[in-house]
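J.: This is the structure I want to talk about, given as structure tokens.
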Amino acid sequence: MNKKLNIRNAALTFAAFSLFAAGLLSACQTAAPTAAPSEAPAEATVTGPLKIKIGVSPVPHGDIVNFVKENLAEAAGLEIEVIEFNDYVLPNLSLDDKSIDVNFFQHLPYLTDFNASNGTDLISVAGIHIEPLGIYSKALKSLDEVPDGAVVGIPNDASNGGRALNLLAANGMLKLKEGVGFEATVADIVANPKNLKITELEAAQLVRSLEDTSVSVINGNYALQGGLTPAKDALALESGENNPYVNILAVKQGNESNPAILLLVKLLTSDEVKQFIEEKYAGSVIPAFSTLN
């Protein structure tokens with residue numbers, strides 16, 4: 001009996017020891033040090049610069065945006081991709097189909113007319129500068145030399161065409177119907193003492209038209225792009241005061257609160273950009289930050 005009891009006690013003691021050892025091993029495994037936590041989650045919260053793709057006319061718009069890109073954008077946390085266009089239609093079509101985020105080439109009257117004609121919903125977010133429209137000639141030194149029957153080139157889009165006719169009228173070359181304003185067309189000419197032959201051409205072609213016209217009324221950006229200096233070369237220049245033709249930043253409606261666009265507006269209306277425009281263009285381009293749209 002005692003022998004059996006001893007065997008039984010030994011068996012119980014061994015079982016108890018086995019359970020204790022298993023528990024100890026489990027505790028040791030639980031308490032084993034774990035690997036240091038990965039730093040990846042912290043890195044994932046770090047974001048890079050805001051990015052924006054902007055469509056511009058090369059001059060002066062491209063020059064101004066590239067000044068911002070090269071001198072201000074990196075420090076402000078903005079990455080800018082500049083896409084150049086050489087007409088007045090593709091930049092808005094590209095904005096509408098979201099190929100670009102913002103464009104910078106036009107004034108508000110042109111944008112308003114474009115929306116009405118194309119069913120787009122593009123809006124202005126800021127006014128940046130004025131490019132005074134000018135009357136230029138290859139051969140003449142003053143408007144007094146314009147001969148009877150002279151060929152006069154003007155832009156063929158509705159907003160700039162009316163603007164050009166108003167500039168001609170302001171300089172006594174013709175008279176427009178009372179109250180027609182900047183929506184004037186050739187049909188609104190009520191007096192034409194020199195029998196001027198008004199020729200409507202695409203704005204981008206007007207610099208080249210100087211070979212075939214007595215004078216042409218040319219947008220400031222195309223004048224600059226064609227090697228003209230408006231403040232020096234124009235026979236007459238549009239006034240910058242109370243001028244509704246401020247060149248604007250435009251976006252597709254609904255994108256006006258995009259942080260990258262808001263930052264771009266801030267940079268383009270900075271003191272640094274104002275100084276750049278005034279020094280580089282000497283009156284041929286006029287900052288218009290106080291006339292934000």
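A note on labels: chains of the structure tokens are A, B, ... as shown, every chain counts residues from 1, and ligands are counted from 1 in their shown order.
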Would you mind listing what lies within 6 Å of stretch 154-160 of chain A as number ranges by chain, with only C-alpha atoms counted and same-chain residues fewer than 4 positions away left out?
T.: A: 109-110, 200-203, 216-217
J.: What would the file look like if the residues just selected were written as a PDB file, in the first residue's frame with N, CA and C atoms?
T.:
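So again-v9.pdb came out as:
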ATOM      1  N   PRO A 109     -13.636  90.218 -68.773  1.00  0.00           N
ATOM      2  CA  PRO A 109     -14.602  90.287 -69.889  1.00  0.00           C
ATOM      3  C   PRO A 109     -14.425  89.151 -70.898  1.00  0.00           C
ATOM      4  N   TYR A 110     -13.182  88.777 -71.185  1.00  0.00           N
ATOM      5  CA  TYR A 110     -12.959  87.659 -72.111  1.00  0.00           C
ATOM      6  C   TYR A 110     -13.481  86.359 -71.507  1.00  0.00           C
ATOM      7  N   GLU A 200     -10.444  92.589 -88.796  1.00  0.00           N
ATOM      8  CA  GLU A 200     -10.449  91.801 -87.553  1.00  0.00           C
ATOM      9  C   GLU A 200      -9.615  90.534 -87.735  1.00  0.00           C
ATOM     10  N   LEU A 201      -8.608  90.384 -86.876  1.00  0.00           N
ATOM     11  CA  LEU A 201      -7.678  89.251 -86.952  1.00  0.00           C
ATOM     12  C   LEU A 201      -7.551  88.586 -85.590  1.00  0.00           C
ATOM     13  N   GLU A 202      -7.128  87.339 -85.593  1.00  0.00           N
ATOM     14  CA  GLU A 202      -6.853  86.680 -84.321  1.00  0.00           C
ATOM     15  C   GLU A 202      -5.764  87.451 -83.591  1.00  0.00           C
ATOM     16  N   ALA A 203      -5.965  87.638 -82.283  1.00  0.00           N
ATOM     17  CA  ALA A 203      -5.061  88.489 -81.500  1.00  0.00           C
ATOM     18  C   ALA A 203      -3.596  88.096 -81.660  1.00  0.00           C
ATOM     19  N   SER A 216      -2.043  98.633 -86.093  1.00  0.00           N
ATOM     20  CA  SER A 216      -2.795  97.526 -85.509  1.00  0.00           C
ATOM     21  C   SER A 216      -2.910  97.751 -84.007  1.00  0.00           C
ATOM     22  N   VAL A 217      -4.053  97.351 -83.479  1.00  0.00           N
ATOM     23  CA  VAL A 217      -4.285  97.456 -82.036  1.00  0.00           C
ATOM     24  C   VAL A 217      -3.978  96.089 -81.439  1.00  0.00           C
TER      25      VAL A 217
END
J.: Can you pull out every residue within 12 Å of A:Gly172, counting only C-alpha atoms, but drop anything in the same chain fewer than 2 positions away, and send it as number ranges by chain?
T.: A: 143-144, 146, 165-170, 174-176, 191-194, 196, 236
J.: Excluding A:Lys138 and any residue of its chain fewer than 2 positions from it, enumerate the residues within 9 Å of it, using only C-alpha atoms, and give them as a list in words.
T.: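 These residues fall inside the cut-off: Tyr136, Leu140, Lys141, Leu210, Glu211, Thr213, Ser214 and Val215 of chain A.
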J.: Between A:Gly254, A:Gly179, A:Gly226, A:Gly149, which residue has the minimum interatomic distance to A:Asn86, considering only C-alpha atoms?
T.: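 Going through A:Gly254, A:Gly179, A:Gly226, A:Gly149 one by one, the smallest distance to A:Asn86 is for A:Gly226.
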J.: Near A:Ala288, counting only C-alpha atoms, which residues have an atom at most 10 Å away, once you skip same-chain residues fewer than 5 positions from it, shown as a list in words?
T.: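 Contacts, with the query itself left out: Ala126, Gly127, Ile128, His129, Ile130, Glu131, Gly240, Glu241, Asn243, Val246, Asn247, Ile248, Thr269 and Lys274 of chain A.
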J.: Could you pull out the residues in stretch 72-223 of chain A that DSSP calls helix (DSSP H, G or I) from the backbone, as a VMD selection string?
T.: chain A and resid 72 to 76 90 to 96 108 to 118 143 to 145 158 to 170 181 to 183 186 to 188 203 to 209 220 to 223
J.: I need the residue nearest A:Asn115 from this list: A:Leu268, A:Ile198, A:Ala250, A:Ile189. Use only C-alpha atoms for the distance.
T.: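 Under the stated criterion, the closest residue is A:Ala250.
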J.: With only C-alpha atoms as the basis for distance, which of A:Ala260, A:Val152, A:Leu224, A:Ile218 is at the shortest distance from A:Gly283?
T.: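 Using only C-alpha atoms, A:Gly283 sits closest to A:Leu224.
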J.: Calculated over only C-alpha atoms, which of the candidates A:Pro91, A:Ile100, A:Ile135, A:Phe85 has the smallest distance to A:Phe114?
T.: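 Among the listed residues, the smallest separation from A:Phe114 belongs to A:Pro91.
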J.: What separation in Å, quoted to one decimal, exists between atom CA of A:Tyr222 and atom CA of A:Asp113?
T.: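 Atom CA of A:Asp113 lies 20.1 Å from atom CA of A:Tyr222.
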J.: Taking into account only C-alpha atoms, which residue in the set A:Gly119, A:Gly77, A:Gly134, A:Gly55 is nearest to A:Thr229?
T.: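 Of the candidates, the smallest distance to A:Thr229 is held by A:Gly134.
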J.: Among stretch 29-267 of chain A, which ones does DSSP place in strand (DSSP E or B), written as a PyMOL selection string?
T.: chain A and resi 50-56+78-84+102-107+122-130+134-136+151-155+175-176+189-191+197-201+215-218+236-237+246-252
J.: Check the smallest atom-to-atom distance from each of A:Lys53, A:Asp188, A:Ile64, A:Val180 to A:Tyr281 using only C-alpha atoms, then report the winner.
T.: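 For A:Tyr281, the nearest of the given residues is A:Ile64.
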J.: How many Å separate atom CA of A:Asp121 from atom CA of A:Ser57?
T.: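 Separation between atom CA of A:Asp121 and atom CA of A:Ser57: 20.6 Å.
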